[in-house]
>>> print(open('target-v6.cif').read())   # mmCIF, C-alpha atoms
data_coords
#
loop_
_atom_site.label_atom_id
_atom_site.label_comp_id
_atom_site.auth_asym_id
_atom_site.auth_seq_id
_atom_site.Cartn_x
_atom_site.Cartn_y
_atom_site.Cartn_z
CA MET I 1277 107.75 -26.31 22.32
CA ASN I 1278 104.69 -24.11 21.86
CA ARG I 1279 102.56 -23.21 24.86
CA LYS I 1280 99.63 -25.62 25.18
CA LEU I 1281 96.17 -24.21 25.86
CA VAL I 1282 93.37 -26.65 26.67
CA ILE I 1283 89.76 -25.47 26.84
CA VAL I 1284 87.21 -27.61 28.66
CA GLY I 1285 83.77 -26.85 27.18
CA GLY I 1286 82.89 -25.52 23.72
CA GLY I 1287 79.88 -23.30 24.56
CA ALA I 1288 79.89 -19.52 24.34
CA GLY I 1289 82.58 -18.97 27.00
CA GLY I 1290 84.96 -21.71 25.87
CA ALA I 1291 84.63 -21.02 22.15
CA SER I 1292 85.19 -17.28 22.65
CA ALA I 1293 88.26 -17.92 24.80
CA ALA I 1294 89.74 -20.38 22.28
CA ALA I 1295 89.22 -18.09 19.29
CA GLU I 1296 90.52 -14.97 21.02
CA ALA I 1297 93.60 -16.63 22.55
CA LYS I 1298 94.61 -18.10 19.18
CA ARG I 1299 93.98 -14.75 17.43
CA ARG I 1300 96.21 -12.92 19.92
CA ASP I 1301 98.93 -15.55 20.06
CA PRO I 1302 98.98 -17.63 16.86
CA SER I 1303 101.83 -19.74 18.25
CA LEU I 1304 99.53 -21.25 20.90
CA ASP I 1305 98.73 -24.93 20.53
CA VAL I 1306 94.96 -24.85 21.27
CA THR I 1307 92.70 -27.86 21.95
CA MET I 1308 89.02 -27.45 22.74
CA LEU I 1309 87.27 -30.39 24.41
CA GLU I 1310 83.49 -30.60 24.22
CA GLY I 1311 81.35 -33.30 25.85
CA GLY I 1312 78.50 -32.84 23.37
CA GLU I 1313 78.34 -32.82 19.59
CA PHE I 1314 78.22 -29.05 19.00
CA VAL I 1315 80.46 -26.10 19.79
CA SER I 1316 79.84 -22.36 19.76
CA TYR I 1317 76.04 -22.45 19.72
CA ALA I 1318 73.45 -19.92 20.86
CA ALA I 1319 71.26 -21.01 23.76
CA MET G 794 66.84 -21.69 21.07
CA PRO G 795 63.16 -21.19 21.98
CA TYR G 796 62.92 -19.33 18.65
CA TYR G 797 64.19 -22.40 16.82
CA ILE G 798 61.60 -24.58 18.58
CA GLY G 799 58.89 -22.03 17.76
CA ASP G 800 59.97 -22.09 14.09
CA VAL G 801 60.92 -18.39 14.03
CA ILE G 802 64.45 -19.65 13.27
CA LYS G 803 63.99 -22.48 10.80
CA ASP G 804 67.55 -23.62 10.28
CA SER G 805 69.43 -24.95 13.32
CA LYS G 806 72.72 -24.09 11.57
CA LYS G 807 71.87 -20.42 12.23
CA LEU G 808 72.33 -21.12 15.95
CA ILE G 809 75.96 -22.07 15.48
CA ALA G 810 78.33 -19.11 15.49
CA ARG G 811 81.39 -21.09 14.42
CA THR G 812 81.55 -24.67 13.22
CA PRO G 813 84.28 -27.12 14.32
CA GLU G 814 85.66 -26.87 10.74
CA LYS G 815 86.04 -23.10 11.12
CA PHE G 816 87.93 -23.62 14.37
CA GLU G 817 90.20 -26.21 12.74
CA GLU G 818 90.89 -23.79 9.88
CA THR G 819 92.24 -21.26 12.36
CA GLY G 820 94.44 -23.91 13.92
CA ILE G 821 92.26 -24.81 16.91
CA GLN G 822 91.84 -28.53 17.46
CA VAL G 823 88.28 -29.48 18.40
CA LYS G 824 87.39 -32.77 20.06
CA LEU G 825 83.65 -33.40 20.19
CA ASN G 826 81.86 -36.00 22.34
CA THR G 827 84.87 -35.89 24.62
CA ARG G 828 84.19 -36.04 28.33
CA VAL G 829 86.76 -34.79 30.80
CA GLU G 830 87.05 -36.98 33.90
CA GLY G 831 89.50 -34.98 35.92
CA ILE G 832 92.30 -32.47 36.05
CA GLY G 833 95.76 -33.17 37.42
CA VAL G 834 96.81 -29.69 38.48
CA ASP G 835 100.26 -30.74 39.72
CA GLU G 836 101.23 -32.42 36.45
CA GLY G 837 99.18 -30.07 34.25
CA ILE G 838 97.11 -32.72 32.53
CA VAL G 839 93.47 -33.17 31.61
CA LEU G 840 92.23 -36.73 31.98
CA LEU G 841 89.68 -37.88 29.39
CA ALA G 842 86.97 -40.50 29.88
CA GLY G 843 88.83 -43.01 27.71
CA GLY G 844 91.97 -42.69 29.82
CA GLU G 845 93.81 -40.34 27.45
CA ARG G 846 95.87 -37.62 29.17
CA ILE G 847 96.19 -34.21 27.52
CA PRO G 848 98.94 -31.93 28.83
CA TYR G 849 98.35 -28.20 29.24
CA ASP G 850 100.33 -25.11 30.17
CA VAL G 851 97.19 -22.99 30.41
CA LEU G 852 93.67 -24.30 31.03
CA VAL G 853 90.25 -22.70 30.57
CA LEU G 854 87.29 -24.18 32.41
CA ALA G 855 84.14 -23.35 30.48
CA THR G 856 82.00 -26.15 31.82
CA GLY G 857 78.76 -24.17 31.72
CA ALA G 858 75.72 -24.87 33.87
CA VAL G 859 73.42 -27.81 34.45
CA PRO G 860 69.64 -27.49 34.35
CA THR G 861 67.73 -28.24 37.54
CA LEU G 862 65.47 -31.27 37.48
CA PRO G 863 63.11 -31.93 40.40
CA ASN G 864 63.80 -35.06 42.40
CA ILE G 865 60.56 -36.83 41.42
CA PRO G 866 59.92 -40.15 39.68
CA GLY G 867 59.46 -40.32 35.91
CA THR G 868 61.71 -37.49 34.74
CA ASP G 869 63.64 -40.05 32.67
CA LEU G 870 60.56 -40.89 30.56
CA ASP G 871 60.47 -40.18 26.84
CA GLY G 872 59.04 -36.73 26.22
CA VAL G 873 60.50 -35.09 29.33
CA PHE G 874 63.03 -32.38 28.48
CA VAL G 875 65.15 -29.57 29.82
CA LEU G 876 66.43 -26.83 27.53
CA LYS G 877 70.12 -26.35 27.96
CA ASN G 878 72.10 -27.06 24.86
CA LEU G 879 71.52 -27.25 21.14
CA ARG G 880 70.96 -31.02 21.37
CA ASP G 881 67.99 -30.42 23.72
CA GLY G 882 66.55 -27.91 21.25
CA LEU G 883 66.87 -30.29 18.31
CA ASN G 884 65.39 -33.15 20.35
CA ILE G 885 62.38 -31.11 21.50
CA LYS G 886 61.53 -29.98 17.97
CA GLU G 887 61.99 -33.48 16.54
CA TYR G 888 59.93 -35.06 19.33
CA ILE G 889 57.01 -32.66 18.78
CA LYS G 890 57.01 -33.36 15.04
CA SER G 891 57.43 -37.12 15.07
CA ASN G 892 54.89 -37.67 17.85
CA GLN G 893 52.41 -35.07 16.58
CA CYS G 894 52.22 -33.57 20.06
CA SER G 895 49.17 -31.48 20.79
CA LYS G 896 49.54 -30.74 24.51
CA ALA G 897 52.58 -29.22 26.17
CA THR G 898 53.39 -28.53 29.81
CA ILE G 899 56.16 -26.29 31.03
CA VAL G 900 57.24 -26.42 34.66
CA GLY G 901 58.73 -23.17 35.97
CA ALA G 902 58.01 -19.52 35.27
CA GLY G 903 61.30 -17.78 34.55
CA PHE G 904 62.14 -16.16 31.26
CA ILE G 905 62.99 -19.44 29.49
CA ALA G 906 59.58 -20.77 30.52
CA MET G 907 57.96 -17.63 29.07
CA GLU G 908 59.85 -17.92 25.77
CA MET G 909 59.03 -21.63 25.56
CA GLY G 910 55.37 -20.90 26.35
CA GLU G 911 55.21 -18.60 23.36
CA ALA G 912 57.21 -20.97 21.13
CA LEU G 913 55.04 -24.03 21.83
CA LYS G 914 51.76 -22.10 21.68
CA SER G 915 52.69 -20.57 18.33
CA ARG G 916 53.46 -24.07 17.03
CA GLY G 917 49.80 -24.78 17.75
CA LEU G 918 50.23 -26.80 20.94
CA ASP G 919 47.79 -26.49 23.79
CA THR G 920 50.26 -25.04 26.32
CA ARG G 921 50.23 -24.91 30.11
CA ILE G 922 52.73 -23.42 32.53
CA VAL G 923 52.83 -25.00 35.98
CA TYR G 924 54.38 -22.94 38.77
CA ARG G 925 54.57 -23.28 42.53
CA GLY G 926 54.18 -19.52 43.11
CA GLU G 927 51.45 -17.00 42.42
CA LEU G 928 52.81 -15.05 39.44
CA PRO G 929 55.31 -15.65 36.62
CA VAL G 930 58.78 -14.05 36.46
CA LYS G 931 59.07 -13.38 40.18
CA LYS G 932 62.25 -11.32 39.71
CA TRP G 933 60.02 -8.51 38.45
CA ASP G 934 57.69 -6.42 40.58
CA PRO G 935 54.27 -8.13 41.02
CA ALA G 936 52.68 -5.22 39.13
CA PHE G 937 54.75 -6.17 36.07
CA SER G 938 54.44 -9.94 36.58
CA THR G 939 50.66 -9.40 36.48
CA VAL G 940 51.03 -7.81 33.03
CA VAL G 941 53.10 -10.82 31.91
CA LEU G 942 50.40 -13.16 33.25
CA GLU G 943 47.72 -11.23 31.29
CA GLU G 944 49.83 -11.51 28.14
CA LEU G 945 50.09 -15.30 28.58
CA THR G 946 46.38 -15.65 29.22
CA ASN G 947 45.36 -13.34 26.36
CA ASN G 948 47.42 -15.48 24.01
CA GLY G 949 45.88 -18.72 25.17
CA VAL G 950 48.60 -20.08 27.44
CA THR G 951 47.16 -21.49 30.69
CA PHE G 952 49.03 -20.47 33.83
CA MET G 953 48.52 -22.93 36.67
CA ALA G 954 49.69 -21.30 39.91
CA HIS G 955 50.43 -22.87 43.30
CA GLN G 956 51.20 -26.33 41.96
CA SER G 957 54.31 -28.42 42.37
CA PRO G 958 55.07 -31.53 40.33
CA VAL G 959 55.25 -34.80 42.29
CA ALA G 960 55.65 -37.33 39.46
CA VAL G 961 55.71 -37.86 35.72
CA GLU G 962 53.77 -40.88 34.48
CA ARG G 963 52.89 -42.48 31.19
CA GLY G 964 49.50 -41.14 30.12
CA ALA G 965 46.33 -42.81 28.86
CA GLN G 966 44.86 -40.38 26.30
CA THR G 967 48.10 -38.45 26.02
CA ARG G 968 51.68 -39.65 25.96
CA LEU G 969 52.42 -38.45 29.49
CA SER G 970 50.79 -37.02 32.53
CA LEU G 971 52.28 -34.62 35.02
CA VAL G 972 51.05 -35.36 38.52
CA THR G 973 51.12 -32.30 40.75
CA ASP G 974 50.15 -31.86 44.40
CA LYS G 975 46.76 -30.63 43.10
CA GLU G 976 45.85 -32.61 39.98
CA LYS G 977 46.90 -34.79 37.07
CA ILE G 978 47.69 -32.92 33.86
CA ASP G 979 47.43 -34.75 30.52
CA THR G 980 50.29 -33.77 28.25
CA ASP G 981 52.40 -35.06 25.36
CA ILE G 982 55.58 -33.25 26.28
CA ILE G 983 56.95 -31.79 29.52
CA ILE G 984 59.69 -29.18 29.67
CA PHE G 985 61.33 -28.44 32.99
CA ALA G 986 62.53 -24.83 32.99
CA LEU G 987 63.60 -24.49 36.61
CA GLY G 988 66.87 -22.67 36.13
CA VAL G 989 70.46 -23.85 36.11
CA LYS G 990 73.32 -24.43 38.51
CA PRO G 991 76.99 -23.79 37.67
CA GLU G 992 78.87 -26.97 36.71
CA THR G 993 81.79 -26.91 39.12
CA ASN G 994 82.66 -30.58 39.75
CA LEU G 995 85.97 -30.50 37.86
CA ALA G 996 86.92 -27.19 39.45
CA ARG G 997 86.14 -28.41 42.98
CA GLU G 998 88.03 -31.66 42.49
CA ALA G 999 90.98 -29.64 41.20
CA GLY G 1000 90.87 -27.62 44.42
CA LEU G 1001 89.88 -24.33 42.79
CA ALA G 1002 88.09 -21.76 44.92
CA VAL G 1003 84.32 -21.60 44.53
CA GLY G 1004 82.50 -18.40 45.49
CA GLU G 1005 79.50 -17.83 47.74
CA SER G 1006 77.26 -17.95 44.68
CA GLY G 1007 78.31 -21.57 44.10
CA ALA G 1008 80.14 -20.69 40.87
CA ILE G 1009 83.88 -20.80 40.19
CA ARG G 1010 85.69 -17.81 41.66
CA VAL G 1011 87.60 -15.69 39.15
CA ASP G 1012 89.30 -12.29 39.19
CA SER G 1013 88.68 -9.56 36.66
CA SER G 1014 91.11 -11.16 34.22
CA GLN G 1015 89.01 -14.38 34.42
CA ARG G 1016 91.77 -16.15 36.34
CA THR G 1017 90.72 -18.73 38.94
CA SER G 1018 92.50 -19.24 42.26
CA ARG G 1019 95.27 -20.95 40.25
CA GLU G 1020 97.50 -18.77 38.09
CA GLU G 1021 97.42 -21.06 35.01
CA ILE G 1022 93.69 -21.87 35.08
CA PHE G 1023 91.07 -19.46 33.73
CA SER G 1024 87.30 -19.77 33.68
CA ALA G 1025 84.56 -18.19 31.56
CA GLY G 1026 80.81 -18.49 31.05
CA ASP G 1027 77.96 -20.01 33.03
CA CYS G 1028 80.27 -21.94 35.39
CA CYS G 1029 81.98 -18.88 36.90
CA GLU G 1030 81.11 -15.72 38.79
CA SER G 1031 80.99 -12.14 37.54
CA TYR G 1032 81.45 -8.90 39.43
CA HIS G 1033 78.21 -6.99 39.95
CA ARG G 1034 79.00 -3.29 39.74
CA VAL G 1035 75.96 -2.21 41.77
CA SER G 1036 75.95 -4.74 44.61
CA LYS G 1037 79.77 -4.82 44.55
CA ARG G 1038 79.54 -8.58 45.03
CA TRP G 1039 80.57 -11.54 42.91
CA VAL G 1040 77.41 -13.14 41.53
CA HIS G 1041 76.37 -15.96 39.23
CA ILE G 1042 74.39 -14.70 36.22
CA PRO G 1043 74.36 -17.43 33.57
CA LEU G 1044 73.69 -15.54 30.33
CA GLY G 1045 75.24 -16.02 26.89
CA ASP G 1046 76.22 -12.39 26.35
CA ILE G 1047 78.23 -12.39 29.58
CA ALA G 1048 79.86 -15.72 28.64
CA ASN G 1049 81.03 -14.28 25.30
CA LYS G 1050 82.66 -11.31 27.00
CA GLN G 1051 84.31 -13.35 29.73
CA GLY G 1052 85.62 -15.82 27.15
CA ARG G 1053 87.10 -13.07 25.05
CA VAL G 1054 88.72 -11.43 28.09
CA ALA G 1055 90.21 -14.80 29.15
CA GLY G 1056 91.49 -15.30 25.60
CA ARG G 1057 93.15 -11.89 25.54
CA ASN G 1058 94.92 -12.47 28.82
CA ILE G 1059 96.10 -15.90 27.73
CA GLY G 1060 97.21 -14.49 24.36
CA GLY G 1061 99.31 -11.76 25.95
CA TYR G 1062 97.05 -8.72 25.46
CA PRO G 1063 95.86 -8.09 29.02
CA LEU G 1064 92.30 -6.91 29.53
CA THR G 1065 90.03 -6.79 32.56
CA PHE G 1066 86.34 -7.66 32.51
CA LEU G 1067 84.68 -4.69 34.17
CA GLY G 1068 81.68 -6.63 35.38
CA VAL G 1069 77.92 -6.62 34.93
CA VAL G 1070 74.95 -4.62 36.15
CA GLY G 1071 72.40 -7.44 35.82
CA ALA G 1072 70.74 -6.32 32.57
CA GLN G 1073 68.36 -8.83 31.04
CA SER G 1074 65.31 -8.93 28.82
CA PHE G 1075 62.89 -11.29 27.18
CA LYS G 1076 59.91 -11.13 24.90
CA VAL G 1077 56.65 -12.97 25.50
CA PHE G 1078 54.15 -12.66 22.64
CA GLY G 1079 53.70 -8.90 22.13
CA LEU G 1080 55.41 -7.84 25.33
CA GLU G 1081 58.92 -6.59 26.04
CA VAL G 1082 60.07 -7.32 29.59
CA ALA G 1083 63.41 -6.09 30.91
CA MET G 1084 65.32 -5.29 34.08
CA THR G 1085 68.70 -4.12 35.22
CA GLY G 1086 70.50 -3.65 38.53
CA LEU G 1087 69.06 -4.72 41.87
CA ASP G 1088 65.55 -5.11 43.22
CA GLU G 1089 64.73 -3.77 46.70
CA ARG G 1090 65.55 -7.05 48.44
CA GLU G 1091 68.93 -7.44 46.77
CA ALA G 1092 69.67 -3.76 47.40
CA GLN G 1093 68.94 -4.17 51.09
CA ARG G 1094 71.17 -7.23 51.28
CA SER G 1095 73.94 -5.22 49.65
CA GLY G 1096 73.78 -2.56 52.33
CA TYR G 1097 71.67 0.07 50.57
CA ALA G 1098 68.50 1.75 51.81
CA PRO G 1099 66.34 1.30 48.71
CA ALA G 1100 63.19 3.13 47.68
CA GLY G 1101 61.24 2.32 44.56
CA THR G 1102 58.43 3.74 42.48
CA ILE G 1103 56.42 2.56 39.50
CA ILE G 1104 55.31 4.96 36.77
CA TRP G 1105 52.86 4.07 34.03
CA GLY G 1106 53.23 6.06 30.84
CA ARG G 1107 53.26 5.51 27.13
CA SER G 1108 56.00 4.62 24.70
CA ALA G 1109 55.17 7.66 22.51
CA ALA G 1110 54.22 11.31 23.19
CA ALA G 1111 50.62 11.89 24.34
CA SER G 1112 50.13 14.31 21.43
CA MET G 1113 50.71 11.46 18.99
CA GLY G 1114 47.85 9.54 20.57
CA GLU G 1115 49.88 6.45 19.83
CA GLY G 1116 52.34 4.19 21.50
CA HIS G 1117 51.67 1.53 24.04
CA ARG G 1118 51.25 1.43 27.77
CA LEU G 1119 54.70 1.31 29.33
CA GLY G 1120 55.51 0.59 32.95
CA LEU G 1121 58.80 1.68 34.47
CA LYS G 1122 60.03 1.01 37.97
CA LEU G 1123 63.08 2.79 39.36
CA ILE G 1124 64.88 1.85 42.55
CA ALA G 1125 67.32 4.27 44.19
CA ASP G 1126 69.33 4.55 47.38
CA LYS G 1127 67.75 6.90 49.97
CA ALA G 1128 71.11 7.95 51.35
CA SER G 1129 72.98 8.79 48.14
CA GLY G 1130 70.17 9.25 45.61
CA LYS G 1131 71.97 6.85 43.31
CA LEU G 1132 70.11 4.63 40.90
CA LEU G 1133 70.19 0.97 42.02
CA GLY G 1134 67.90 -0.77 39.57
CA ALA G 1135 65.13 -0.52 37.00
CA GLN G 1136 62.43 -2.73 35.51
CA ALA G 1137 60.15 -2.14 32.55
CA VAL G 1138 57.29 -3.80 30.72
CA GLY G 1139 55.36 -2.77 27.63
CA GLN G 1140 54.58 -3.65 24.04
CA SER G 1141 57.34 -1.31 22.91
CA GLY G 1142 59.99 0.92 24.44
CA ALA G 1143 60.77 -1.24 27.49
CA VAL G 1144 64.08 -2.77 26.39
CA GLY G 1145 65.34 0.57 25.04
CA ARG G 1146 64.69 2.28 28.39
CA ILE G 1147 66.40 -0.51 30.32
CA ASN G 1148 69.45 -0.43 28.06
CA THR G 1149 69.74 3.31 28.73
CA LEU G 1150 69.33 2.78 32.46
CA SER G 1151 71.95 0.00 32.39
CA ALA G 1152 74.47 2.51 31.07
CA CYS G 1153 73.39 4.91 33.85
CA LEU G 1154 73.91 2.18 36.45
CA TRP G 1155 77.26 1.31 34.93
CA SER G 1156 78.49 4.86 35.44
CA GLY G 1157 76.90 5.24 38.88
CA MET G 1158 74.40 8.02 38.11
CA GLY G 1159 71.99 9.51 40.63
CA LEU G 1160 68.35 10.55 40.24
CA ASP G 1161 69.28 14.24 39.78
CA GLU G 1162 71.28 13.38 36.68
CA LEU G 1163 68.65 10.92 35.44
CA GLY G 1164 65.94 13.57 35.72
CA TYR G 1165 67.71 15.79 33.20
CA LEU G 1166 69.48 13.16 31.09
CA ASP G 1167 69.79 14.11 27.42
CA LEU G 1168 67.75 11.45 25.61
CA ALA G 1169 66.93 11.08 21.91
CA TYR G 1170 63.52 12.78 22.01
CA SER G 1171 61.02 12.51 19.18
CA PRO G 1172 57.23 12.26 19.63
CA PRO G 1173 56.89 8.76 18.11
CA PHE G 1174 59.34 7.44 20.70
CA GLY G 1175 58.35 9.31 23.85
CA GLY G 1176 57.36 12.60 25.42
CA SER G 1177 59.68 15.61 25.71
CA TRP G 1178 59.85 14.48 29.32
CA ASP G 1179 60.57 10.81 28.87
CA ILE G 1180 59.14 8.26 31.30
CA ILE G 1181 62.72 7.93 32.61
CA HIS G 1182 62.77 11.64 33.54
CA THR G 1183 59.33 11.50 35.12
CA ALA G 1184 60.12 8.41 37.16
CA ALA G 1185 63.39 9.99 38.39
CA HIS G 1186 61.56 13.15 39.50
CA VAL G 1187 58.80 11.22 41.25
CA LEU G 1188 61.21 8.91 43.05
CA LYS G 1189 63.47 11.82 44.04
CA LYS G 1190 60.55 13.40 45.95
CA GLN G 1191 60.00 10.14 47.83
CA LEU G 1192 63.57 9.71 49.07
#
>>> encode(input="target-v6.cif", output="structure tokens")
Amino acid sequence: MNRKLVIVGGGAGGASAAAEAKRRDPSLDVTMLEGGEFVSYAA
Amino acid sequence: MPYYIGDVIKDSKKLIARTPEKFEETGIQVKLNTRVEGIGVDEGIVLLAGGERIPYDVLVLATGAVPTLPNIPGTDLDGVFVLKNLRDGLNIKEYIKSNQCSKATIVGAGFIAMEMGEALKSRGLDTRIVYRGELPVKKWDPAFSTVVLEELTNNGVTFMAHQSPVAVERGAQTRLSLVTDKEKIDTDIIIFALGVKPETNLAREAGLAVGESGAIRVDSSQRTSREEIFSAGDCCESYHRVSKRWVHIPLGDIANKQGRVAGRNIGGYPLTFLGVVGAQSFKVFGLEVAMTGLDEREAQRSGYAPAGTIIWGRSAAASMGEGHRLGLKLIADKASGKLLGAQAVGQSGAVGRINTLSACLWSGMGLDELGYLDLAYSPPFGGSWDIIHTAAHVLKKQL
């Protein structure tokens, strides 16, 4: 079983964490949950 | 986002760094419009609004911040906005267009209010800023806030000081009216720009430690008080290298760094986030406004004995007869002579100076070093003694 990473929130912090974790450990099973309709946007 | 509303950025797609499709391509599953109801820390599950349970081994809380709305009637009316996420930005722009708005009112006077003031005015709206205090951007020295106020006024934005909103109502001639403790302001759109608070409900319910700042407590690897839960962005604290305290500074550049550090630690390539010095800037019409470090009040609270001085110079050498008026304030500790903070305002050269001084703060420099710092001198960009040198010498004499 691969390690499961769940990210709550897809803004700058969450999106950066998701992308970097997956880049460093491609075996991670990553799910990003976002309450709105956009992720990784500039405020 | 204010630049999208002001039409400087025309395409909202430019505001998105990475689309959900891009994430999916790299093997990251993205679930949009998905609200998280709770976290079961003992079982390691995230509970979704629909009842679905998602198991995790490692969790990142990046819940962001929520904009402050005053507790007054009418804030739920059509045409009342906050500016927090991309949806708000899209809605504001669409609302202005489809309702042919001609009058705008912004409540609050921080940097978002300034950027929105410029954005709405340059879209041709008659724009007012309503604020309970005397001057805009109160984090800056009143001498600099006065320059910001002049810039607003010179560009046709009305600044209405010493007024607090008491209600929003439907208008007669205009779509809305903002009732304050002084008068009734006709307006088509109202934007509340009163700052944000860290969103910590999930964290608190999960029993995670929350710091004095009200944001989620993390260590320098972005770990919360639970080993398997990390946090990044506007919901968590960052370490302030000058005050040596954990603070809440909700800014996108900090969120990016914290997120990447969390990601590295989760991915097995440990990295520590070395903290912040409080650098920030904004532009309002033709003016650059920037600051870094602590102001006198914060310095005092952090146990320093601060002294400050303001120097007015120009952004280019006097011999060039060019450049713009540039104000620089330095704050240093009387006991150690160390730099504690800096603020600057001017049509050019302000942000560059503050970036330099941020690096100085980062490395803990004192005024003696600042006074002889090797800077990139050239007459179009400053004097052979830069305003940084001059301010350091002047302040040194006052310590």
>>> atom_distance(input="target-v6.cif", atom1="atom CA of G:Tyr849", atom2="atom CA of I:Tyr1317")
24.9 Å
>>> closest_residue(input="target-v6.cif", among="G:Ala1128, G:Val972, G:Ala842, G:Val959", to="I:Gly1311", atoms="only C-alpha atoms")
G:Ala842
>>> interface_residues(input="target-v6.cif", of="chain G", to="chain I", cutoff="8 Å", atoms="only C-alpha atoms", output="JSON, numbers by chain")
{"G": [794, 808, 809, 810, 811, 812, 813, 816, 819, 820, 821, 822, 823, 824, 825, 826, 827, 828, 829, 848, 849, 850, 851, 852, 853, 854, 855, 856, 857, 877, 878, 879, 880, 1025, 1026, 1027, 1045, 1048, 1049, 1050, 1051, 1052, 1053, 1054, 1055, 1056, 1057, 1058, 1059, 1060, 1061, 1062]}
>>> atom_distance(input="target-v6.cif", atom1="atom CA of G:Ala1185", atom2="atom CA of G:Leu1163")
6.1 Å
>>> resolve_selection(input="target-v6.cif", expression="the PyMOL selection byres ((chain G and resi 1123) around 9)", output="ChimeraX atom specification")
/G:1100-1104,1121-1122,1124-1125,1132-1137,1181,1184-1185,1188
>>> atom_distance(input="target-v6.cif", atom1="atom CA of G:Glu845", atom2="atom CA of G:Gly1007")
29.5 Å
>>> resolve_selection(input="target-v6.cif", expression="the PyMOL selection byres ((chain G and resi 1034) around 7)", output="list in words")
Tyr1032, His1033, Val1035, Ser1036, Lys1037, Gly1068, Val1069, Val1070 and Trp1155 of chain G
>>> decode(input="target-v6.cif", residues="stretch 1282-1296 of chain I", atoms="C-alpha atoms", output="mmCIF file, in the first residue's frame")
data_model
loop_
_atom_site.group_PDB
_atom_site.id
_atom_site.type_symbol
_atom_site.label_atom_id
_atom_site.label_comp_id
_atom_site.auth_asym_id
_atom_site.auth_seq_id
_atom_site.Cartn_x
_atom_site.Cartn_y
_atom_site.Cartn_z
ATOM 1 C CA VAL I 1282 -4.480 14.235 1.777
ATOM 2 C CA ILE I 1283 -4.335 18.010 1.335
ATOM 3 C CA VAL I 1284 -7.196 20.130 2.653
ATOM 4 C CA GLY I 1285 -7.292 23.350 0.608
ATOM 5 C CA GLY I 1286 -6.041 23.993 -2.935
ATOM 6 C CA GLY I 1287 -4.774 27.586 -2.594
ATOM 7 C CA ALA I 1288 -1.119 28.588 -2.755
ATOM 8 C CA GLY I 1289 -0.038 26.633 0.338
ATOM 9 C CA GLY I 1290 -1.956 23.429 -0.402
ATOM 10 C CA ALA I 1291 -1.153 23.326 -4.111
ATOM 11 C CA SER I 1292 2.563 23.912 -3.469
ATOM 12 C CA ALA I 1293 2.641 21.176 -0.822
ATOM 13 C CA ALA I 1294 0.838 18.686 -3.082
ATOM 14 C CA ALA I 1295 3.079 19.329 -6.083
ATOM 15 C CA GLU I 1296 6.322 19.237 -4.108
#
